[in-house]
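Read through the structure below, which is laid out as structure tokens, and then see the notes.
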Protein chains: 2
Amino acid sequence: MKIKVAIADDHKLFIDGIKSILSTEIDVDIIMEAGNGLELIKAIENGPLPTIIVTDIRMPVMDGIAATKELTKKYPDIPILALTMYDQGADVVEMLEAGAKGYVTKEADKQELLLALKRLVAGEKYFSKTIPEDFCKWASCAPEENEIILTRREKEILALIAKGRTTLQIAHELKLSKFTIDTHRKNIHKKLKIKSNTGLVNYALKNLNLNY
Amino acid sequence: MKIKVAIADDHKLFIDGIKSILSTEIDVDIIMEAGNGLELIKAIENGPLPTIIVTDIRMPVMDGIAATKELTKKYPDIPILALTMYDQGADVVEMLEAGAKGYVTKEADKQELLLALKRLVAGEKYFSKTIPEDFCKWASCAPEENEIILTRREKEILALIAKGRTTLQIAHELKLSKFTIDTHRKNIHKKLKIKSNTGLVNYALKNLNLNY
DNA sequence: ACCAATATACCTAGTAGTAGGTATTTCAAG
DNA sequence: CTTGAAATACCTACTACTAGGTATATTGGT
């Protein structure tokens with residue numbers, strides 16, 4: 001039976017490219033395309049069910065992570081393959097946690113994409129080789145030496161600092177003492193070896209996923 | 001005569017897609033592909049000259065802007081078409097300043113890409129409609145109402161703040177008084193309506209192009 | 001039940017950033 | 001040549017952050 005693919009990516013040219021690549025495959029059909037997560041969900045709800053969903057991670061309106069959470073809940077039997085850029089390691093982990101069954105980086109070629117599609121349709125998983133550290137993190141392999149483990153609270157506070165909140169504002173927001181926030185910030189400083197608030201913002205924006 | 005295209009993009013899948021899309025066009029041939037700016041330059045130096053160069057803006061090792069500067073110097077007759085993501089407005093301006101003759105966003109479709117290729121080969125320019133403000137900025141149209149004009153010095157200092165430098169460090173680095181840096185920072189605050197250093201880092205990382 | 005990690009809270013002293021000023025020099029545009 | 005923007009420099013008072021502590025309650029895992 002033919003593999004019916006639903007694909008979501010905000011770059012039309014990329015979708016067109018994939019369609020063109022897969023058009024030579026007689027056993028693969030792209031039956032649905034979407035420019036963001038919301039369109040994807042709507043399309044699947046209103047159309048014939050695809051065999052597999054292929055989605056970009058970062059998209060406007062609704063990203064791939066949110067869409068994946070929603071879709072795995074409603075359609076647990078349809079595997080989701082994440083498409084990712086080389087620099088979105090952290091996002092990949094979130095996608096897998098959201099329920100994606102595999103990922104392929106956009107550095108991959110046609111062969112790898114096809115392989116991933118077939119693996120997922122067969123109920124297996126597939127992971128591009130190029131993001132080993134992050135997959136390791138998710139699969140709880142041996143932790144990286146330079147892997148930084150911030151606690152939930154610390155991440156929360158770091159995110160607020162990155163948003164420009166002052167210590168007092170954070171204290172009010174979380175209904176905690178100013179001293180507590182101070183302590184947490186100091187612990188973050190130690191763990192990250194960053195000594196200034198501006199440095200933290202830098203780190204947070206580059207390493208956490210606070211973007212849009 | 002056939003249009004001979006050299007293409008550079010760090011996403012192999014994207015290149016494959018473009019190749020596949022263009023393979024149905026009898027008058028277009030992709031004769032060269034590269035994963036970054038450096039590979040592109042080397043390929044062009046060692047191979048037959050292309051009719052047109054199509055390149056992504058952000059790439060590892062050497063980005064499209066640097067490559068374009070180099071290539072327009074050595075090969076002023078070969079037009080360069082920039083491929084860009086929706087959120088890289090500022091980069092587009094730099095590409096045009098570097099000598100690119102047009103740009104197409106990755107939201108475009110096959111038709112638009114072909115149109116752009118033909119326009120550039122014919123010696124014309126082509127700009128996707130979707131980034132009007134930035135092109136306006138470059139072409140010095142009427143300035144945007146909410147366009148923020150920081151002076152050269154202010155941008156320089158903002159960049160250093162974003163890199164985590166303190167006022168004193170910046171003062172030493174630029175051989176200026178601490179008071180001067182303070183004044184500049186205060187002026188930046190006023191212009192951007194941002195009242196804190198962390199807010200500035202946020203703004204700088206999102207709006208300036210400090211990334212690699 | 002116990003241990004380690006997490007989360008909480010407080011104190012002091014010092015440094016850096018914020019907010020309000022004023023003022024001089026330079027340089028390009030009108 | 002004058003005007004205005006840009007760049008420079010200084011002052012004071014106040015607020016926020018940094019760095020060094022100590023200490024207790026809670027929680028998850030063996």
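Following the order of the structure tokens, chains are lettered A, B, ..., residues in each are numbered from 1, and ligands are numbered from 1.
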(message) I need the chain A residues near chain B as a VMD selection string; criterion: at most 7 Å, counting only C-alpha atoms.
(response) chain A and resid 10 to 14 16 to 18 20 to 21 106 to 110 162 164 197 to 199 201 to 202
(message) Show me, as a VMD selection string, the residues of chain C whose atoms get within 9 Å of chain A, using only C-alpha atoms (C1' of nucleotides) for the distance check.
(response) chain C and resid 6 to 10
(request) Measure the distance from atom CA of Glu156 of chain B to atom CA of Ile65 of chain B in Å and round it to one decimal. (result)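 According to the coordinates, atom CA of Glu156 of chain B and atom CA of Ile65 of chain B are separated by 19.9 Å.
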(message) List as a list of chain:residue names the protein and nucleic acid residues near Asp29 of chain B, meaning an atom at most 7 Å away when only C-alpha atoms (C1' of nucleotides) are counted, but skip any in the same chain fewer than 5 places from it.
(response) B:Lys2, B:Ile3, B:Lys4, B:Val5
(message) Distance limit 12 Å, atoms considered: only C-alpha atoms (C1' of nucleotides). Which chain D residues sit that close to chain A? Return them as a list in words.
(response)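 Matching residues, ligands excluded from the count: DT15, DA16, DC17, DT18, DA19, DG20 and DG21 of chain D.
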(request) Please provide as JSON, numbers by chain all residues within 10 Å of DT26 of chain C, with the sequence filter that same-chain residues fewer than 3 positions apart are discarded (counting only C-alpha atoms (C1' of nucleotides)). (result) {"D": [6, 7, 8]}
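Nearest residue to Met62 of chain A, choosing from A:Ile80, A:Ala8, A:Ala98, A:Val121 and counting only C-alpha atoms: A:Ala8.
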(message) Excluding Ile52 of chain A and its own-chain neighbours fewer than 6 positions away, which residues fall within 12 Å of it when counting only C-alpha atoms (C1' of nucleotides)? Please give them as a PyMOL selection string.
(response) chain A and resi 2-8+28-32+44+71-72+75-82+100-102+116-123
(message) Would you compute the distance between atom CA of Tyr126 of chain A and atom CA of Leu40 of chain A? Give it in Å to one decimal.
(response)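 About the pair atom CA of Tyr126 of chain A and atom CA of Leu40 of chain A: they are 21.7 Å apart.
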(request) Might you pull out every residue within 12 Å of DA28 of chain C, with only C-alpha atoms (C1' of nucleotides) counted and same-chain residues fewer than 3 positions away left off, and present them as a ChimeraX atom specification? (result) /D:3-6
